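Chemist: To be precise about what I am sending: the file is called final36.csv and holds CSV, C-alpha atoms.
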```csv
chain,number,residue,atom,x,y,z
S,811,MET,CA,4.5,13.1,25.2
S,812,ASN,CA,3.7,12.5,28.8
S,813,ASP,CA,3.6,15.0,31.7
S,814,GLN,CA,7.3,14.7,32.6
S,815,GLU,CA,8.4,15.0,29.0
S,816,LEU,CA,6.3,18.2,28.6
S,817,ARG,CA,7.9,19.6,31.8
S,818,ASP,CA,11.4,18.8,30.4
S,819,GLU,CA,10.5,20.5,27.1
S,820,ILE,CA,9.4,23.6,29.0
S,821,GLU,CA,12.5,23.6,31.1
S,822,LYS,CA,14.6,23.9,28.0
S,823,MET,CA,13.3,27.4,27.8
S,824,SER,CA,14.2,28.3,31.4
S,825,ASN,CA,17.0,30.7,30.5
S,826,LYS,CA,14.4,32.9,28.8
S,827,LEU,CA,11.9,32.7,31.6
S,828,ILE,CA,11.7,34.5,35.0
S,829,ALA,CA,9.7,31.7,36.6
S,830,ILE,CA,7.9,28.4,35.9
S,831,GLU,CA,4.9,27.8,38.1
S,832,GLN,CA,2.9,24.6,38.0
S,833,PRO,CA,0.0,24.9,40.4
S,834,LEU,CA,-1.8,21.9,39.0
S,835,ARG,CA,-0.7,18.9,36.9
S,836,ASN,CA,-2.2,20.3,33.8
S,837,ARG,CA,-1.5,24.0,34.2
S,838,TYR,CA,1.7,26.1,33.7
S,839,PHE,CA,2.4,29.8,34.2
S,840,LEU,CA,5.6,30.9,32.5
S,841,SER,CA,6.6,34.5,33.3
S,842,CYS,CA,9.1,36.2,31.0
S,843,GLU,CA,10.2,39.7,29.9
S,844,SER,CA,8.5,41.1,26.8
S,845,GLN,CA,11.6,40.7,24.6
S,846,ASN,CA,11.7,36.9,25.2
S,847,ALA,CA,8.0,36.3,24.7
S,848,HIS,CA,8.2,35.9,20.9
S,849,ASP,CA,10.8,33.1,21.2
S,850,VAL,CA,9.0,31.3,24.0
S,851,CYS,CA,5.7,31.4,22.0
S,852,ARG,CA,7.5,30.2,18.9
S,853,PHE,CA,9.1,27.3,20.8
S,854,LEU,CA,5.8,26.3,22.2
S,855,PHE,CA,4.0,26.5,18.9
S,856,GLU,CA,6.6,25.0,16.6
S,857,ASP,CA,8.6,22.6,18.8
S,858,VAL,CA,6.2,21.5,21.5
S,859,ARG,CA,3.4,21.9,19.0
S,860,ALA,CA,0.9,23.4,21.4
S,861,ARG,CA,-2.2,25.0,20.1
S,862,PHE,CA,-2.7,28.8,20.4
S,863,VAL,CA,-5.9,29.6,22.2
S,864,ILE,CA,-6.0,33.3,22.7
S,865,ALA,CA,-4.0,36.2,24.1
S,866,THR,CA,-5.1,38.6,26.8
S,867,ALA,CA,-3.7,41.9,28.2
S,868,ILE,CA,-3.8,43.3,31.7
S,869,ASP,CA,-3.0,46.8,32.8
S,870,SER,CA,-1.1,45.6,35.9
S,871,ASP,CA,0.3,47.6,38.8
S,872,ASP,CA,3.7,48.4,37.4
S,873,CYS,CA,3.6,47.0,33.9
S,874,TYR,CA,1.4,45.8,31.1
S,875,GLU,CA,1.1,42.0,30.9
S,876,ILE,CA,0.3,40.1,27.8
S,877,LEU,CA,-0.8,36.6,28.5
S,878,TYR,CA,-0.6,34.1,25.7
S,879,HIS,CA,-2.7,31.0,26.3
S,880,PHE,CA,-1.6,27.7,24.7
S,881,ALA,CA,-3.2,24.3,25.0
S,882,TYR,CA,-1.5,21.0,24.7
S,883,ASP,CA,-4.5,18.9,23.9
S,884,GLU,CA,-2.9,15.5,24.2
S,885,LEU,CA,-2.5,16.0,28.0
S,886,GLY,CA,-5.3,18.5,28.4
S,887,THR,CA,-2.7,21.0,29.6
S,888,ILE,CA,-3.0,24.7,29.5
S,889,ILE,CA,0.2,26.8,29.3
S,890,HIS,CA,0.0,30.5,30.0
S,891,ILE,CA,2.9,32.8,29.1
S,892,LYS,CA,3.0,36.1,31.0
S,893,ALA,CA,5.0,38.7,29.2
S,894,HIS,CA,5.8,41.7,31.3
S,895,ILE,CA,6.1,45.0,29.4
S,896,ARG,CA,7.9,47.3,31.8
S,897,ASP,CA,7.9,50.4,29.6
S,898,ARG,CA,4.5,52.1,30.4
S,899,GLU,CA,5.2,55.1,28.2
S,900,ASN,CA,5.7,53.3,24.9
S,901,PRO,CA,4.6,49.7,25.5
S,902,SER,CA,5.6,47.4,22.7
S,903,ILE,CA,6.2,43.7,22.1
S,904,GLU,CA,7.2,41.6,19.2
S,905,SER,CA,4.2,40.2,17.3
S,906,ILE,CA,3.7,36.5,17.1
S,907,ALA,CA,1.4,36.9,14.1
S,908,PRO,CA,4.1,36.3,11.4
S,909,PHE,CA,4.4,32.6,12.3
S,910,LEU,CA,0.9,32.3,14.0
S,911,PRO,CA,-1.7,34.0,11.8
S,912,GLY,CA,-4.4,33.1,14.4
S,913,ALA,CA,-3.0,35.7,16.7
S,914,GLU,CA,-3.4,38.5,14.1
S,915,TRP,CA,-6.8,39.8,15.2
S,916,ILE,CA,-6.4,39.5,18.9
S,917,GLU,CA,-3.2,41.5,18.7
S,918,ARG,CA,-5.0,44.2,16.7
S,919,GLU,CA,-7.8,44.2,19.3
S,920,ILE,CA,-5.3,44.6,22.2
S,921,HIS,CA,-3.6,47.4,20.2
S,922,ASP,CA,-7.0,49.1,19.9
S,923,VAL,CA,-8.0,49.0,23.6
S,924,MET,CA,-4.7,48.9,25.4
S,925,GLY,CA,-2.4,50.8,23.0
S,926,ILE,CA,0.3,48.1,23.0
S,927,VAL,CA,2.3,48.2,19.8
S,928,PHE,CA,3.0,44.8,18.2
S,929,VAL,CA,6.3,45.1,16.3
S,930,ASN,CA,6.4,43.4,12.9
S,931,HIS,CA,2.6,42.8,12.9
S,932,PRO,CA,1.5,42.4,9.3
S,933,ARG,CA,-1.5,44.7,9.5
S,934,LEU,CA,-1.8,46.7,12.8
S,935,GLU,CA,-4.9,48.6,12.0
S,936,ARG,CA,-8.0,49.5,13.9
S,937,LEU,CA,-10.3,46.5,14.4
S,938,ILE,CA,-13.0,46.9,17.0
S,939,LEU,CA,-13.2,50.5,18.0
S,940,ALA,CA,-15.6,52.9,16.3
S,941,ASP,CA,-14.4,54.6,13.1
S,942,ASP,CA,-14.6,58.0,14.7
S,943,TRP,CA,-12.8,57.0,17.9
S,944,PRO,CA,-10.0,59.5,18.7
S,945,ASP,CA,-6.4,58.3,18.3
S,946,GLY,CA,-4.4,57.8,21.4
S,947,VAL,CA,-7.3,57.1,23.7
S,948,TYR,CA,-7.2,53.5,25.0
S,949,PRO,CA,-10.5,52.6,26.7
S,950,LEU,CA,-9.4,49.6,28.8
S,951,ARG,CA,-6.3,51.3,30.4
S,952,LYS,CA,-6.6,52.1,34.0
S,953,GLU,CA,-6.3,55.9,33.4
S,954,ALA,CA,-9.1,55.9,30.9
S,955,LYS,CA,-12.0,58.2,31.8
S,956,ARG,CA,-15.5,56.8,31.9
J,132,MET,CA,-57.8,57.3,10.5
J,133,SER,CA,-55.6,57.9,7.5
J,134,TRP,CA,-55.1,54.9,5.2
J,135,LYS,CA,-51.4,55.0,6.0
J,136,LEU,CA,-52.1,54.4,9.7
J,137,TRP,CA,-54.8,51.8,8.9
J,138,SER,CA,-52.4,49.8,6.7
J,139,LEU,CA,-49.7,50.1,9.4
J,140,LYS,CA,-52.0,48.6,12.0
J,141,LYS,CA,-53.5,46.0,9.7
J,142,SER,CA,-50.2,44.4,8.8
J,143,PRO,CA,-47.1,46.0,10.4
J,144,TRP,CA,-44.0,45.0,8.4
J,145,VAL,CA,-40.9,45.1,10.6
J,146,PHE,CA,-37.3,45.6,10.0
J,147,HIS,CA,-34.8,44.2,12.5
J,148,VAL,CA,-32.0,46.6,13.5
J,149,ASN,CA,-29.2,45.2,15.8
J,150,THR,CA,-27.4,48.2,17.2
J,151,GLY,CA,-25.0,46.2,19.4
J,152,ALA,CA,-27.1,43.5,21.0
J,153,CYS,CA,-25.5,40.3,22.5
J,154,ASN,CA,-27.7,38.3,20.0
J,155,ASN,CA,-30.0,36.9,22.6
J,156,CYS,CA,-32.8,39.4,21.8
J,157,ASP,CA,-32.2,38.7,18.1
J,158,ILE,CA,-32.7,35.0,18.7
J,159,GLU,CA,-36.0,35.7,20.5
J,160,VAL,CA,-37.1,38.0,17.6
J,161,VAL,CA,-36.4,35.1,15.2
J,162,ASN,CA,-38.3,32.8,17.6
J,163,CYS,CA,-41.4,35.0,17.2
J,164,LEU,CA,-41.4,34.1,13.5
J,165,THR,CA,-41.0,30.3,14.0
J,166,PRO,CA,-44.1,28.1,13.7
J,167,LYS,CA,-44.7,28.0,17.5
J,168,PHE,CA,-45.5,31.8,17.7
J,169,ASP,CA,-45.9,32.5,14.0
J,170,VAL,CA,-46.5,36.3,14.1
J,171,GLU,CA,-47.1,36.2,10.3
J,172,ARG,CA,-50.6,35.2,11.2
J,173,PHE,CA,-51.1,38.7,12.5
J,174,GLY,CA,-49.6,40.2,9.4
J,175,ILE,CA,-46.3,40.9,11.1
J,176,LYS,CA,-43.7,40.2,8.5
J,177,LEU,CA,-39.9,40.6,8.6
J,178,VAL,CA,-38.6,42.6,5.6
J,179,GLY,CA,-35.2,43.1,4.2
J,180,THR,CA,-35.0,46.9,4.1
J,181,PRO,CA,-36.3,49.8,6.3
J,182,ARG,CA,-37.9,51.3,3.1
J,183,HIS,CA,-40.5,48.6,3.1
J,184,ALA,CA,-41.0,48.6,6.9
J,185,ASP,CA,-43.7,50.1,9.1
J,186,ALA,CA,-41.9,49.3,12.3
J,187,LEU,CA,-38.2,49.0,13.4
J,188,LEU,CA,-37.3,46.3,16.0
J,189,VAL,CA,-34.2,47.7,17.6
J,190,THR,CA,-32.2,45.3,19.8
J,191,GLY,CA,-29.3,46.2,22.0
J,192,VAL,CA,-27.6,49.2,23.4
J,193,VAL,CA,-26.7,51.9,20.8
J,194,THR,CA,-22.9,51.9,20.3
J,195,ARG,CA,-20.9,54.7,19.0
J,196,GLN,CA,-20.4,53.0,15.7
J,197,ALA,CA,-24.1,52.0,15.3
J,198,ALA,CA,-25.8,55.3,16.3
J,199,PRO,CA,-25.5,57.1,12.8
J,200,ARG,CA,-26.6,53.8,11.1
J,201,LEU,CA,-29.6,53.6,13.4
J,202,ILE,CA,-30.5,57.2,12.5
J,203,ARG,CA,-30.1,56.4,8.8
J,204,ALA,CA,-32.3,53.4,9.1
J,205,TYR,CA,-34.9,55.4,10.9
J,206,GLN,CA,-34.9,58.2,8.4
J,207,GLN,CA,-35.4,55.8,5.6
J,208,THR,CA,-38.4,54.2,7.2
J,209,PRO,CA,-41.7,55.6,5.7
J,210,LYS,CA,-43.6,57.7,8.4
J,211,PRO,CA,-45.7,57.0,10.3
J,212,CYS,CA,-43.6,54.2,11.8
J,213,VAL,CA,-43.2,52.6,15.2
J,214,VAL,CA,-39.9,51.9,16.8
J,215,PHE,CA,-39.8,49.0,19.2
J,216,ALA,CA,-36.9,49.0,21.7
J,217,ILE,CA,-36.5,45.3,22.4
J,218,GLY,CA,-34.8,44.2,25.6
J,219,ALA,CA,-33.3,45.9,28.6
J,220,CYS,CA,-30.3,47.3,26.8
J,221,ALA,CA,-32.3,49.0,24.1
J,222,CYS,CA,-34.8,50.4,26.7
J,223,ASN,CA,-32.3,51.6,29.3
J,224,LEU,CA,-28.7,50.4,28.6
J,225,GLY,CA,-29.0,47.4,30.9
J,226,ILE,CA,-25.6,45.9,32.0
J,227,PHE,CA,-23.7,47.9,29.4
J,228,ARG,CA,-24.5,51.2,31.1
J,229,LYS,CA,-20.8,52.1,31.9
J,230,GLY,CA,-19.3,50.7,28.7
J,231,TYR,CA,-16.9,53.0,26.8
J,232,HIS,CA,-18.6,52.2,23.5
J,233,VAL,CA,-22.1,53.2,24.6
J,234,VAL,CA,-23.7,56.4,23.5
J,235,GLY,CA,-27.2,56.0,24.8
J,236,PRO,CA,-30.5,54.1,24.8
J,237,VAL,CA,-32.5,53.9,21.6
J,238,ASP,CA,-35.1,56.6,22.6
J,239,LYS,CA,-32.4,59.2,23.4
J,240,ILE,CA,-30.7,58.7,20.0
J,241,LEU,CA,-33.9,58.8,18.0
J,242,ARG,CA,-35.5,61.7,19.9
J,243,GLU,CA,-32.4,63.8,18.9
J,244,VAL,CA,-33.4,63.5,15.2
J,245,ASP,CA,-37.1,63.2,15.6
J,246,PRO,CA,-38.7,64.4,18.9
J,247,ASN,CA,-42.0,62.9,17.9
J,248,ALA,CA,-40.8,59.4,17.2
J,249,ILE,CA,-43.2,56.8,18.3
J,250,ILE,CA,-41.2,54.4,20.6
J,251,ALA,CA,-42.6,51.3,22.3
J,252,TYR,CA,-40.5,49.6,25.0
J,253,VAL,CA,-40.4,45.8,25.5
J,254,PRO,CA,-38.1,45.2,28.5
J,255,GLY,CA,-36.6,41.9,29.5
J,256,CYS,CA,-33.3,40.1,29.1
J,257,PRO,CA,-34.3,38.8,26.6
J,258,PRO,CA,-38.0,39.5,26.4
J,259,LYS,CA,-40.2,36.5,25.8
J,260,PRO,CA,-41.8,36.2,22.4
J,261,GLU,CA,-45.1,36.5,24.2
J,262,ALA,CA,-43.9,39.8,25.7
J,263,MET,CA,-42.9,41.1,22.2
J,264,ILE,CA,-46.3,40.1,20.7
J,265,SER,CA,-48.1,41.8,23.6
J,266,GLY,CA,-45.9,44.9,23.1
J,267,VAL,CA,-46.8,45.1,19.5
J,268,ILE,CA,-50.5,44.7,20.2
J,269,LYS,CA,-50.4,47.4,22.9
J,270,ALA,CA,-48.4,49.8,20.8
J,271,LEU,CA,-50.7,49.4,17.8
J,272,GLY,CA,-53.7,49.9,20.1
J,273,ALA,CA,-52.2,53.1,21.4
J,274,ILE,CA,-51.7,54.9,18.1
```
Would you kindly transcribe this structure into structure tokens?
Modeler:
Amino acid sequence: MNDQELRDEIEKMSNKLIAIEQPLRNRYFLSCESQNAHDVCRFLFEDVRARFVIATAIDSDDCYEILYHFAYDELGTIIHIKAHIRDRENPSIESIAPFLPGAEWIEREIHDVMGIVFVNHPRLERLILADDWPDGVYPLRKEAKR
Amino acid sequence: MSWKLWSLKKSPWVFHVNTGACNNCDIEVVNCLTPKFDVERFGIKLVGTPRHADALLVTGVVTRQAAPRLIRAYQQTPKPCVVFAIGACACNLGIFRKGYHVVGPVDKILREVDPNAIIAYVPGCPPKPEAMISGVIKALGAI
């Protein structure tokens, strides 16, 4: 697949995306709402056959953002999917771990430190926080006390 | 000098406790044991359990999860024993000072259970093997 074919593949998803940004030849930022992120990730993983690198979470101004980072190694291209979670009270998003087991632990970690619930995750238990850490306290949220 | 203290100073056996280090201090601790520095020529030997140890080499900031485990390792070490706080984090929290998982430097945690604990500090990020050897010699000279 060359650069143009990859762009065409990504544009097949445009009805589920808010924006497609391509600041560099080998870098894409795909913004989407949280309910579409699962489908976009599944398409990238199973149809485009991109490699899952890692996911990250940001406590942004008006929403939580989960960023899924995929690499398409044949072209050296990195594709970031920004999923916006608008509900700040009960943030939740569909888990990608059922079809992508490599995402299982990072989703558990994000659940620990940011309190985002991954729906349909096979085992959403505490991973990195201390055993006696109180429930409902999420240390990397903006409102967390030092 | 009691025979216990004499045997401690003659050949201090050390147990390595990582309470949340980034691994860099641990690599330098292992480096002390490699043929270049070879601390076994001074009788300093790494052992597999605190019950056989005369000294604890504690690396890293003490995290919330590791604090009770550090206390248990200390309580199981036969007294008298020397605790070496290796690296900037173990001595004074270093760059992890404001971390949510941090409960305190090594001396604060150990002084809560034993106010008379003998603690030696080897600062550095990470300390050189020479600094660790020098710290051991100074600490053993002081007791």
Chemist: Counting all atoms listed in the file, give me one row per residue of chain S with an atom at most 10 Å from an atom of chain J, showing the shortest contact pair and its distance in Å to one decimal, sorted by chain then residue number, as CSV.
Modeler:
```
residue,atom,partner,partner_atom,distance
S:Ile938,CA,J:Gln196,CA,9.7
S:Leu939,CA,J:His232,CA,7.9
S:Ala940,CA,J:Gln196,CA,4.8
S:Asp941,CA,J:Gln196,CA,6.7
S:Asp942,CA,J:Gln196,CA,7.7
S:Trp943,CA,J:Arg195,CA,8.5
S:Tyr948,CA,J:Tyr231,CA,9.9
S:Pro949,CA,J:Tyr231,CA,6.4
S:Leu950,CA,J:Tyr231,CA,8.5
S:Ala954,CA,J:Tyr231,CA,9.3
S:Lys955,CA,J:Tyr231,CA,8.7
S:Arg956,CA,J:Tyr231,CA,6.5
```
Chemist: May I ask which of the residues J:Asn247, J:Ser133, J:Thr150, J:Ser138 is the closest one to J:Arg200, counting all atoms listed in the file?
Modeler: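 Looking at the shortest contact to J:Arg200, the residue is J:Thr150.
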Chemist: Do a neighbour search on S:Glu875 at 7 Å with all atoms listed in the file, toss out local chain neighbours closer than 4 positions, and write the hits as an MDAnalysis selection string.
Modeler: chainID S and resid 867:870 892:895
Chemist: Between atom CA of S:Asn836 and atom CA of S:His848, what is the distance in Å, rounded to a tenth?
Modeler: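 A separation of 22.8 Å between them.
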Chemist: Please compute the atom CA of J:Phe227-atom CA of S:Arg898 distance, one decimal, in Å.
Modeler: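 Here the two named atoms are 28.5 Å from each other.
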Chemist: Just checking: using all atoms listed in the file, which residue out of J:Ala184, J:Val178, J:Gly255, J:Asn162 ends up closest to J:Ile226?
Modeler: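 The answer is J:Gly255, which sits nearest to J:Ile226.
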Chemist: Which residues are close to S:Asp857, i.e. within 12 Å by all atoms listed in the file, leaving aside same-chain residues fewer than 5 positions away? Reply as a PyMOL selection string.
Modeler: chain S and resi 816+819-820+822-823+849-852+882
Chemist: Could you jot down the atom CA of J:Phe146 to atom CA of J:Leu188 separation for me, Å, one decimal place?
Modeler: 6.0 Å
Chemist: If you count all atoms listed in the file, which residues fall within 6 Å of S:His879, apart from same-chain ones fewer than 5 positions away, as a ChimeraX atom specification?
Modeler: /S:863-865,889-890
Chemist: Would you mind telling me which residue in S:Ile926, S:Met811, S:Ile876, S:Ile888 lies nearest to S:Tyr838 when using only C-alpha atoms?
Modeler: S:Ile888
